[in-house]
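Each remark here refers to the structure printed beneath this line.
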Amino acid sequence: MIEATSCGGVVIFRGKILLLYKNIKNKYEGWVLPKGTVEPDEEYKDTALREVLEESGARASIIKYIGKSDYTFNVPDDTVTKSVHWYLMMADSYYSKPQREEFFVDSGYYKYHEAYHLLKFSNEKQILEKAYAEYIDLKRSNLWGNKKYF
C-alpha cells in the first residue's frame, strides 16, 4: 500500500467557487477542486497555495483550515491511500487558467449549487459544503474580505 498526502483549496471569489475540469485521454474526466502533492519539507498551507496557483493560475489567500478527506484508489499492482488537507481560500480576482500539463482543460468560478452538482467526487462535495458554510458565516459576521481577519 502507498500512502500519499495532498493539500488543496476551496477558492471563493465574490461568492463563486473555483473548479477545474480534468480530462486524461478520455479515461478520467470531471470537475474537481484544485489540490496536489506535498513536497519534501513543505508545510501543508504552502502546498495548498502553490497547487491552487499552479493548477489554476488563481492567486488566493488562506482564510482557514477546513478539514481532511481520505480515500483510496488502485494503481497497477498497488493501492494508494490518500489524505487531502483542505483550506478555505479567497481569490483576488475571477482569473483562472487551467494547467494543461496536468490535463486540466477548463476552469471557472461557479455558484455554490452549480459547483456542488458539477463536482465529480462525493468527498469533494462534502468539503465544499463545509467550506461554503464557513464562508457564509464569515460573510454574515462581516469578516469575509476583512484583511484584519487573516
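Chain identifiers are assigned as A, B, and so on, following the order in which chains appear in the C-alpha cells; residues are numbered from 1 within each chain, and ligands are numbered from 1 in order of appearance.
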
Any idea what's packed within 12 Å of Glu55 of chain A, counting only C-alpha atoms, ignoring anything in its chain fewer than 4 positions away? Could you give it as a PyMOL selection string? chain A and resi 8-9+18-22+32-37+47-51+59+96-108

Find the residues around Gly67 of chain A up to 10 Å (only C-alpha atoms counted), leave out those fewer than 6 positions away in its own chain, and share them as a PDB file with N, CA and C atoms, in the first residue's frame.
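New file part_17.pdb:
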ATOM      1  N   VAL A  84      -6.181  14.247   2.004  1.00  0.00           N
ATOM      2  CA  VAL A  84      -6.125  15.593   1.435  1.00  0.00           C
ATOM      3  C   VAL A  84      -6.545  16.582   2.509  1.00  0.00           C
ATOM      4  N   HIS A  85      -5.678  17.560   2.765  1.00  0.00           N
ATOM      5  CA  HIS A  85      -5.967  18.630   3.720  1.00  0.00           C
ATOM      6  C   HIS A  85      -6.479  19.826   2.934  1.00  0.00           C
ATOM      7  N   TRP A  86      -7.641  20.351   3.368  1.00  0.00           N
ATOM      8  CA  TRP A  86      -8.335  21.396   2.615  1.00  0.00           C
ATOM      9  C   TRP A  86      -8.372  22.721   3.365  1.00  0.00           C
ATOM     10  N   TYR A  87      -8.257  23.800   2.598  1.00  0.00           N
ATOM     11  CA  TYR A  87      -8.306  25.155   3.145  1.00  0.00           C
ATOM     12  C   TYR A  87      -9.364  25.976   2.412  1.00  0.00           C
ATOM     13  N   LEU A  88     -10.057  26.816   3.177  1.00  0.00           N
ATOM     14  CA  LEU A  88     -10.943  27.814   2.590  1.00  0.00           C
ATOM     15  C   LEU A  88     -10.053  28.974   2.166  1.00  0.00           C
ATOM     16  N   ILE A 127     -16.506  18.522   1.381  1.00  0.00           N
ATOM     17  CA  ILE A 127     -15.593  19.611   1.738  1.00  0.00           C
ATOM     18  C   ILE A 127     -16.157  20.943   1.269  1.00  0.00           C
ATOM     19  N   LYS A 130     -18.855  22.121   3.687  1.00  0.00           N
ATOM     20  CA  LYS A 130     -18.275  22.635   4.934  1.00  0.00           C
ATOM     21  C   LYS A 130     -17.633  24.009   4.703  1.00  0.00           C
ATOM     22  N   ALA A 131     -16.859  24.131   3.625  1.00  0.00           N
ATOM     23  CA  ALA A 131     -16.180  25.392   3.334  1.00  0.00           C
ATOM     24  C   ALA A 131     -17.178  26.510   3.049  1.00  0.00           C
TER      25      ALA A 131
END

Segment 43-113 of chain A: which residues are helix (DSSP H, G or I) by DSSP, as a tab-separated table (two decimals) with C-alpha atoms, in the first residue's frame?
chain	number	residue	atom	x	y	z
A	44	TYR	CA	0.50	21.96	4.17
A	45	LYS	CA	-0.75	25.54	3.79
A	46	ASP	CA	2.13	26.31	1.41
A	47	THR	CA	1.31	23.21	-0.65
A	48	ALA	CA	-2.34	24.28	-0.90
A	49	LEU	CA	-1.46	27.80	-2.08
A	50	ARG	CA	1.18	26.53	-4.54
A	51	GLU	CA	-1.13	23.90	-6.04
A	52	VAL	CA	-4.02	26.35	-6.46
A	53	LEU	CA	-1.67	28.76	-8.26
A	54	GLU	CA	-0.04	26.04	-10.41
A	55	GLU	CA	-3.23	24.24	-11.41
A	56	SER	CA	-5.49	27.25	-11.92
A	100	ARG	CA	-2.56	21.85	-19.44
A	101	GLU	CA	0.42	19.76	-18.26
A	102	GLU	CA	-1.81	18.29	-15.54
A	112	TYR	CA	-22.44	27.09	-4.99
A	113	HIS	CA	-25.28	24.90	-6.29

Applying 10 Å and only C-alpha atoms, which residues near Glu134 of chain A remain after dropping the ones on its own chain fewer than 2 positions away? List them as JSON, numbers by chain. {"A": [63, 64, 66, 88, 128, 129, 130, 131, 132, 136, 137, 138, 139, 140, 144]}

Taking only C-alpha atoms into account, which of A:Leu143, A:Ala91, A:Val38, A:Leu119 comes nearest Glu3 of chain A?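 Of A:Leu143, A:Ala91, A:Val38, A:Leu119, the one nearest Glu3 of chain A is A:Val38, counting only C-alpha atoms.
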
Coordinates-based distance that separates atom CA of Ala58 of chain A from atom CA of Ser93 of chain A (Å, one decimal):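 Computing it gives 7.6 Å between the two atoms.
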
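Using only C-alpha atoms, the smallest distance between any of A:Glu124, A:Ile2, A:Ser61, A:Glu114 and Lys82 of chain A comes from A:Ile2.
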
Between atom CA of Ile17 of chain A and atom CA of Tyr109 of chain A, what is the distance in Å, rounded to a tenth?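 If I compute the distance from atom CA of Ile17 of chain A to atom CA of Tyr109 of chain A, I get 4.9 Å.
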
Return as a compact mmCIF listing (two decimals) with C-alpha atoms, in the first residue's frame the full set of residues in chain A whose backbone-based DSSP assignment is strand (DSSP E or B).
# COMPACT_ATOMS: atom_id res chain seq x y z
CA ILE A 2 1.19 3.50 -0.86
CA GLU A 3 0.37 6.44 1.41
CA ALA A 4 0.06 9.90 -0.14
CA THR A 5 -0.72 13.36 1.23
CA SER A 6 -2.10 16.26 -0.77
CA CYS A 7 -3.43 19.72 0.04
CA GLY A 8 -5.94 21.87 -1.77
CA GLY A 9 -8.32 24.74 -1.61
CA VAL A 10 -11.95 25.70 -1.86
CA VAL A 11 -11.26 29.02 -3.57
CA ILE A 12 -14.03 31.63 -3.47
CA PHE A 13 -14.30 34.99 -5.21
CA LYS A 16 -18.38 31.78 -6.53
CA ILE A 17 -16.21 28.66 -6.28
CA LEU A 18 -13.23 27.80 -8.46
CA LEU A 19 -13.42 24.43 -10.24
CA LEU A 20 -11.11 22.69 -12.70
CA TYR A 21 -12.07 20.24 -15.43
CA LYS A 22 -9.64 17.35 -15.82
CA ASN A 23 -9.54 15.12 -18.90
CA ILE A 24 -6.86 12.45 -19.28
CA TYR A 28 -10.73 10.23 -16.45
CA GLU A 29 -12.78 13.33 -16.75
CA GLY A 30 -14.68 15.54 -14.40
CA TRP A 31 -14.80 18.75 -12.38
CA VAL A 32 -12.55 18.86 -9.30
CA LYS A 35 -5.16 20.08 -4.98
CA GLY A 36 -1.77 18.43 -5.20
CA THR A 37 1.05 16.55 -3.55
CA ALA A 60 -5.54 33.24 -3.30
CA SER A 61 -5.17 33.78 0.44
CA ILE A 62 -5.90 31.16 3.06
CA ILE A 63 -8.79 32.06 5.33
CA LYS A 64 -8.85 28.91 7.46
CA TYR A 65 -8.28 25.16 7.58
CA ILE A 66 -11.44 23.25 6.65
CA GLY A 67 -10.57 19.62 7.28
CA LYS A 68 -9.27 16.43 5.78
CA SER A 69 -10.68 13.88 3.37
CA ASP A 70 -9.38 10.34 2.99
CA TYR A 71 -9.86 7.90 0.13
CA THR A 72 -8.21 5.02 -1.65
CA PHE A 73 -7.71 4.18 -5.30
CA ASN A 74 -5.92 1.49 -7.26
CA VAL A 75 -2.87 1.84 -9.45
CA ASP A 78 -0.93 -1.45 -5.66
CA THR A 79 -3.48 0.57 -3.69
CA VAL A 80 -2.98 4.24 -2.79
CA THR A 81 -4.37 5.60 0.47
CA LYS A 82 -4.62 9.37 0.16
CA SER A 83 -5.26 12.12 2.70
CA VAL A 84 -6.12 15.59 1.43
CA HIS A 85 -5.97 18.63 3.72
CA TRP A 86 -8.34 21.40 2.61
CA TYR A 87 -8.31 25.15 3.14
CA LEU A 88 -10.94 27.81 2.59
CA MET A 89 -9.35 30.47 0.36
CA MET A 90 -10.25 33.85 -1.05
CA ALA A 91 -9.11 34.63 -4.60
CA PHE A 104 -6.84 20.44 -16.93
CA VAL A 105 -8.78 21.63 -19.96
CA ASP A 106 -11.18 24.15 -18.39
CA SER A 107 -11.60 26.21 -15.23
CA GLY A 108 -14.04 28.74 -13.88
CA TYR A 109 -15.95 30.13 -10.93
CA TYR A 110 -19.41 28.74 -10.28
CA LEU A 119 -18.07 18.12 -8.72
